[in-house]
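Down below is the structure, laid out as structure tokens.
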Amino acid sequence: MNFDLTEERQMLQDTLRRYLSDKYDTETRNKIIDSEEGMSAEIWAELAELGVIGALFTEDQGGFGGFGFDVSTVFEELGRAGVVEPFLDTAVLGGGLIARLGDDSQKELVEEVIGGSLHIALAHGEPVSRYDLSHVETTAKSSGDDIVLNGRKSVVVNAEAAGQLIVSARESGDVADKDGISLFLVPVDAAGLTMRGYPLFAGGRAAEVTLDEVKIPASARLGEAGKGFAALTDVIAVADVALAAEALGAMDTAVELTRDYLTQRKQFGRPIGSFQALAHRYSDLLIEMEQARSAVINAAGHLETADAARQNASTRNLIGRVGRLVAEESIQMHGGIAMTKEYELAHIAKRIVMCDHRFGDIDYHLERFIELSAA
Amino acid sequence: MNFDLTEERQMLQDTLRRYLSDKYDTETRNKIIDSEEGMSAEIWAELAELGVIGALFTEDQGGFGGFGFDVSTVFEELGRAGVVEPFLDTAVLGGGLIARLGDDSQKELVEEVIGGSLHIALAHGEPVSRYDLSHVETTAKSSGDDIVLNGRKSVVVNAEAAGQLIVSARESGDVADKDGISLFLVPVDAAGLTMRGYPLFAGGRAAEVTLDEVKIPASARLGEAGKGFAALTDVIAVADVALAAEALGAMDTAVELTRDYLTQRKQFGRPIGSFQALAHRYSDLLIEMEQARSAVINAAGHLETADAARQNASTRNLIGRVGRLVAEESIQMHGGIAMTKEYELAHIAKRIVMCDHRFGDIDYHLERFIELSAA
Amino acid sequence: MDLNYTEEEIAFRDEVRAFLDEKLPKELSDKVAARDHLGKEDMERWHAILNEKGWLAPNWPKKFGGAEWNAVQKHIFEEETARANAPRIVPFGLSMLAPVLQAFGSKEQQDYYLPRILSGEDWWCQGYSEPGAGSDLASLKTRAVRDGDHYIVNGQKTWTTLGQYANKIFCLVRTDPDVKQQEGISFLLIDMDTPGIEVRPIILLDGVHEVNEVFFDDVKVPVENLVGEENKGWTYAKYLLTHERTNIAGVGYSQAGLESVKRIARAERANGKPLIENPQFAARLANVEIDLMAMATSNMRIISKAAAGQAPGVESSMLKVKGTIIRQEINDLARRAVGPYAMPFPSETVEGDNDPIGPDYAAPVSAAYFNNRKLSIFGGSNEIQRGIIAKVKMGG
Amino acid sequence: MDLNYTEEEIAFRDEVRAFLDEKLPKELSDKVAARDHLGKEDMERWHAILNEKGWLAPNWPKKFGGAEWNAVQKHIFEEETARANAPRIVPFGLSMLAPVLQAFGSKEQQDYYLPRILSGEDWWCQGYSEPGAGSDLASLKTRAVRDGDHYIVNGQKTWTTLGQYANKIFCLVRTDPDVKQQEGISFLLIDMDTPGIEVRPIILLDGVHEVNEVFFDDVKVPVENLVGEENKGWTYAKYLLTHERTNIAGVGYSQAGLESVKRIARAERANGKPLIENPQFAARLANVEIDLMAMATSNMRIISKAAAGQAPGVESSMLKVKGTIIRQEINDLARRAVGPYAMPFPSETVEGDNDPIGPDYAAPVSAAYFNNRKLSIFGGSNEIQRGIIAKVKMGG
């Protein structure tokens, strides 16, 4: 039993935390959010150079990490600083799928991802699929050596910046079958592919993607035909760890900002943290933060085990619950100032809450936990 | 719109409150609880004389009340004093069923009930029926002019004191069918009827009742054969109002005891209620008490309407939730003293929580509410 | 006890409904239903329609041009307008300043300002809060120094709602710095066009410009703009806080919000079924609906008391707390209900394209969730309310 | 990071399991599993078995006859004994008095008392709380006045757990009334047979005799029964409160409790299906299981720190609060799970008939629900813990 980070991960954490606290202050970050691209190419390149992306891939894949605790270490720091750059999309989801399924030539893209020169987006969710991973209405039909894609993909995070989209489409089976889903690498400039981009509530950008008779070669398929679901599940399990860790980091910031506010802000001549009602509610936040920290450790520590899915469901449910509490209570204890856009907590609270809308919310993960526990 | 009690109900409330606060103090009540009978015949007779039972029956039935607000007025006061005497069982359930279904000769029993000379118990629940009202395994088979009952009835409150049991038994249909359930008046000394009595956690007594080839005349049937379910539902709707009002009265006492404790008990030289964390939690109790009071008004005010079932489900869910909060928080804010048997709050808290175990708990009523709202 | 309206009350309700059917412009109610932000013209339009009908000022005595309704009538009006998705009436002049002027203002002030409030000629905003004085109003610092027949005002106000539209502001200012904190405060009426006033927007976390900072730099205010007596302003402000608790529970808004969540949950699907049939979601929905049913009755109990002439006591603080909890819970359910479509930011940067991203009901939910955190913060935070409740109930 | 036990730790766990398999009497584990109340003999029996094995005193240094385990070993032992439904060890002598004697007692006191604790010859109880001093121990009033080679003790202690079985009591008494409240307190060892001591039962709300009041009326205590120095007793008591936080989270008890609730919920039926498949009940169960999974890891994190020699800080207060919330929630689920069969009072008044009313798992649930409200009250209430946490974390 050992709860210390390895030396390498500790170094990565220290480096990241120092870099982000130097370079990624509220004003810089808010400018990035308001920019047309919704991210900073410079920050992206520098973080890639610091090894942030490499840490998310195993040595076999060309990186130097890739285990649960690598993912949680990186994303906790990204979360702490409220980073809006799409590491989850390009690296964990995009790069992760190619590294798992790609043939040798496709795998060359992973090198570009790790180097920071290529963005990828996963175009999987659809207008009515909600959190149901196997719900794919987009179709892929063979036509000679080509494949023709038709369908709509919704809230495709990072689509505009991506050089390639990974599009899930159904080659066989019913609309919610796990079998029959294939994954395809589709260049964003493919004819018939259109996107309508927009900013996201918690920073970054996404797009609604329409595929209208998009023709791609069969060689653009990632892995076997109709067998994409397992790999999707695998990378989304990693994404679960990443999202939970990101939320944890952000929650840490929220609680620290709250402590500073409680000890510095005075009312009726006393620091407001000396009022017992607020002091006890602050204690409750700290108690729940210990729970959240342990939950992330559980998810990260079980990612490579048979219990990963159940642990992930458990962790994301808990993080979602505690996250909402932390976001709401931090805002409430701050009062009006937390309602203003330029105050750090406003963005941090949005990041925390919006984590609950990717790959399942509290209720989705609770039901998944119940199902997996019964199995 | 008018939220004042009528003059008659106001008088009844005043009379009852005065009588109970004079006669039914903690020590008296705790002696009653520890007694072999689990109730006081003297208190019963005096309350009957004050009109408590008559207020639960309509003029047609021989009483002078019987509407939702009569029931809530009476039971709120019984709850406030933590009364353990079985008015719910003898009057609302027992008397209520006979008044609704009985023929002229059976109805004479209602007079005895109102006069205070007859106890009745409803023997309906069974070992595996939980809160499912239509689950009846006990059988009734005709045998010439007689009917033969076989089965087991569980937690039959007030069975030992009762002169007559009202036994539900199935004459036709499947085990959970609403059709096919009949109700029978069975004298407690009927051959083949045995009971094993025991005290209840929150005062009063109940019994496990076994019916082994119990032979009764067909004239002991209440109402039509196989059509007992509707009347059962009706009296249990009244019982829902009664239980909610009883819990409300008890909650009022719990909150008042808590206020007294918070203002009188000192720690570190100050009344503990001056500590803000407790003060705010106390405020939350008061806020929820307003909710609870309104919920009881809703249930009582809709008892005679088509919306009664949904309003009752809503009210009992809310009362169950607030009741648990009030019981637990009152104990917690008191500390150790509330853990001792002779302190008033201990009994009051038990009454509140145990209301959640009669005719459905929080979850049962929530599901019922969802079902009725969808309909 | 009788939970139903009287015949007179039902007749009044029908009259309100008929009026709304006829006079509430569909463009406005559509915007409100979709939770779109209303522009200044939208608000002024509805203001004028109500004024024409004589229903703009339910609280005002008839002699000032008000409707002088009783508490039940006011409640019916609020309930029906909320259900019909009518715009909210901007309260600063009508409900916040006017009662103070009617009670404490001079005849000249009443004659001049009250008709201009009704006509919409003046748009008032409120200058109470300051950066260092939120719930702790008594510690405010904006100074007004008498100089001949003027006051010279210096200082800063904040959280000034819709101050960007206002041509007038009513302010609490400190006129005597040497007395105990709550004394020495005066109530001043100030023209926003006076030199030395600057309004700066505060952008809220949902990206919306709703509140402002207002800076005063040697602003000259004629002494006849003082309301009542000098140094008694705190009394007038408190009068407002205790007497003007219209629609504090927000029952109508919660009912409309709940209906909206139900519509969303019938349209959304989870695991191949309508979301509204999902047991966890249905339970969340039922819990808040049950809470709301009880609170609606609490609200009616207070209204019924008020109609009978009893002043509402600490019950309004209780309703405020519970009302905000329920509204915020409904906002949370709406956000939850739309799933991934809660993520887009419905900004005007979606260039020239007014179609919503995803289903149209999804667009406002995240902004509403975050924006409505303010309900438990502004207007006397829930912590302040809990303190008041405990003090009153334990003070005995 | 490694969430798994080392090989050595696994070997130790296997050893503990083998011991429990062999030595834990089935009569005892059955009683614990059924939540029956254990009698004095039951507790003494298990005490003797552990003593024979040398595992009675995990915390004690070897030189005093203890096992001197590290934090991980202690945790494994606690976890395994909880899962095996072993009785709890009565902690007053072993875990509460002994560390104080070992740190501050005289050689004579150590030589005399420690072996008698191990052998079971002495049964100690604790005399800290008083009617006017609960969480506020420093305000205690029981007086000890020096009179030659004795103290004369007068006063009253309360909440004395299992005092009815004890032959000894360790007490905090006031020896100097003229100094600041926390000074002037001494730590005395008192023989319960001394004339002037009276023990009166306190019956708890579940009908159980678990705690007592202890009255002292001119009780003569030899001065050699003073531990450490006069007027330093508060230091010794605090030493205990901060150093002795064994098993504060109660993870093992919660895990056993949760398993028990699941067994009940598989057996009970609601709407024709096992209760465990009811969506509302399943959600309640899942929420608490998820909380417990996280807390178990928090617990291991602290244990791992302690094994590495770091003193547990305010984290133990956090675990105490969360641990009690989880245990109480599990108790609530058990009560809820049994439905109407939560109503019977499982008293011995069910004359001569030892069959339970209803299913056997139903008998203890209501009593356990109410009795365990004490978890958040005694041993430093959750309010006290929250105050400590805030002070430490905001004091910065």
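Chain identifiers are assigned as A, B, and so on, following the order in which chains appear in the structure tokens; residues are numbered from 1 within each chain, and ligands are numbered from 1 in order of appearance.
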- request: Excluding D:Pro340 and residues on its chain fewer than 6 positions from it, collect all residues at most 7 Å away from it, counting only C-alpha atoms, and give them as a ChimeraX atom specification.
  value: /B:130,357-358
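Those residues of chain C that fall within 6 Å of chain B when using only C-alpha atoms read Met1, Asp2, Leu3, Asn4, Tyr5, Ile290, Ala294, Met295, Thr297, Ser298, Met318, Arg386, Ile389 and Ala390 of chain C.
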message: I need the residues of stretch 104-231 of chain D that end up classed as alpha helix (DSSP H) by DSSP on the backbone, written out as a PyMOL selection string.
response: chain D and resi 104+107-119
- request: Could you tell me, as a PyMOL selection string, which residues of stretch 38-212 of chain A DSSP assigns to strand (DSSP E) when given the backbone?
  value: chain A and resi 120-123+139-143+146-157+164-170+181-187+193-199+205-212
Can I get the residues of chain C within 8 Å of chain D, each with the closest pair of atoms and their distance in Å to one decimal, using only C-alpha atoms, sorted chain first then ascending number, as JSON lines?
```
{"residue": "C:Pro279", "atom": "CA", "partner": "D:Pro279", "partner_atom": "CA", "distance": 6.2}
{"residue": "C:Gln280", "atom": "CA", "partner": "D:Gln280", "partner_atom": "CA", "distance": 7.4}
{"residue": "C:Ala283", "atom": "CA", "partner": "D:Gln280", "partner_atom": "CA", "distance": 7.8}
```
task: Tell me, as number ranges by chain, which residues lie within 7 Å of B:Ile166, counting only C-alpha atoms; anything in the same chain fewer than 6 positions away does not count.
output: B: 94, 121-123, 183-186
task: Name the residues in contact with B:Ile331 at a cut-off of 12 Å, using only C-alpha atoms, excluding same-chain residues fewer than 5 positions from it; report them as an MDAnalysis selection string.
output: (chainID B and resid 251 254:255 257:259 261:262 282 324:326 336:340 343:350) or (chainID D and resid 205 370:377 381)
message: Set the distance at 12 Å and use only C-alpha atoms: which residues neighbour C:Phe19 once local chain neighbours fewer than 3 positions away are removed? I'd like the list as a ChimeraX atom specification.
response: /C:12-16,22-25,49-50,52-55,77,80-81,84,86
Identify, on the basis of only C-alpha atoms, every residue whose closest approach to C:Ser129 does not exceed 8 Å; exclude the query and any residue fewer than 6 positions from it along the same chain; express the result as a short mmCIF file (atom, residue, chain, number, x, y, z; two decimals) with C-alpha atoms, in the first residue's frame.
```
data_model
loop_
_atom_site.label_atom_id
_atom_site.label_comp_id
_atom_site.auth_asym_id
_atom_site.auth_seq_id
_atom_site.Cartn_x
_atom_site.Cartn_y
_atom_site.Cartn_z
CA LEU C 137 -25.65 47.74 4.19
CA LEU C 140 -21.77 51.93 3.38
CA LYS C 157 -22.37 51.70 -5.90
CA THR C 158 -22.41 48.20 -7.31
CA TRP C 159 -24.75 45.40 -8.44
CA THR C 160 -26.95 48.11 -9.94
#
```
message: Ranking B:Ala230, B:Ala220, B:Leu243, B:Met333 by minimum distance to B:Asp146 and counting only C-alpha atoms, which one comes first?
response: B:Ala220
statement: As a check of understanding: the span from atom CA of A:Val155 to atom CA of A:Arg196 is 9.9 Å
message: Give me the residues near D:Leu38 as a PyMOL selection string, where near means some atom within 10 Å (using only C-alpha atoms) and where sequence neighbours in that chain fewer than 4 positions away do not count.
response: chain D and resi 28+31-32+42-43+87-88
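Restricting the calculation to only C-alpha atoms, the smallest distance between C:Gly163 and any of C:Pro346, C:Pro201, C:Gly250, C:Gly339 is found for C:Pro201.
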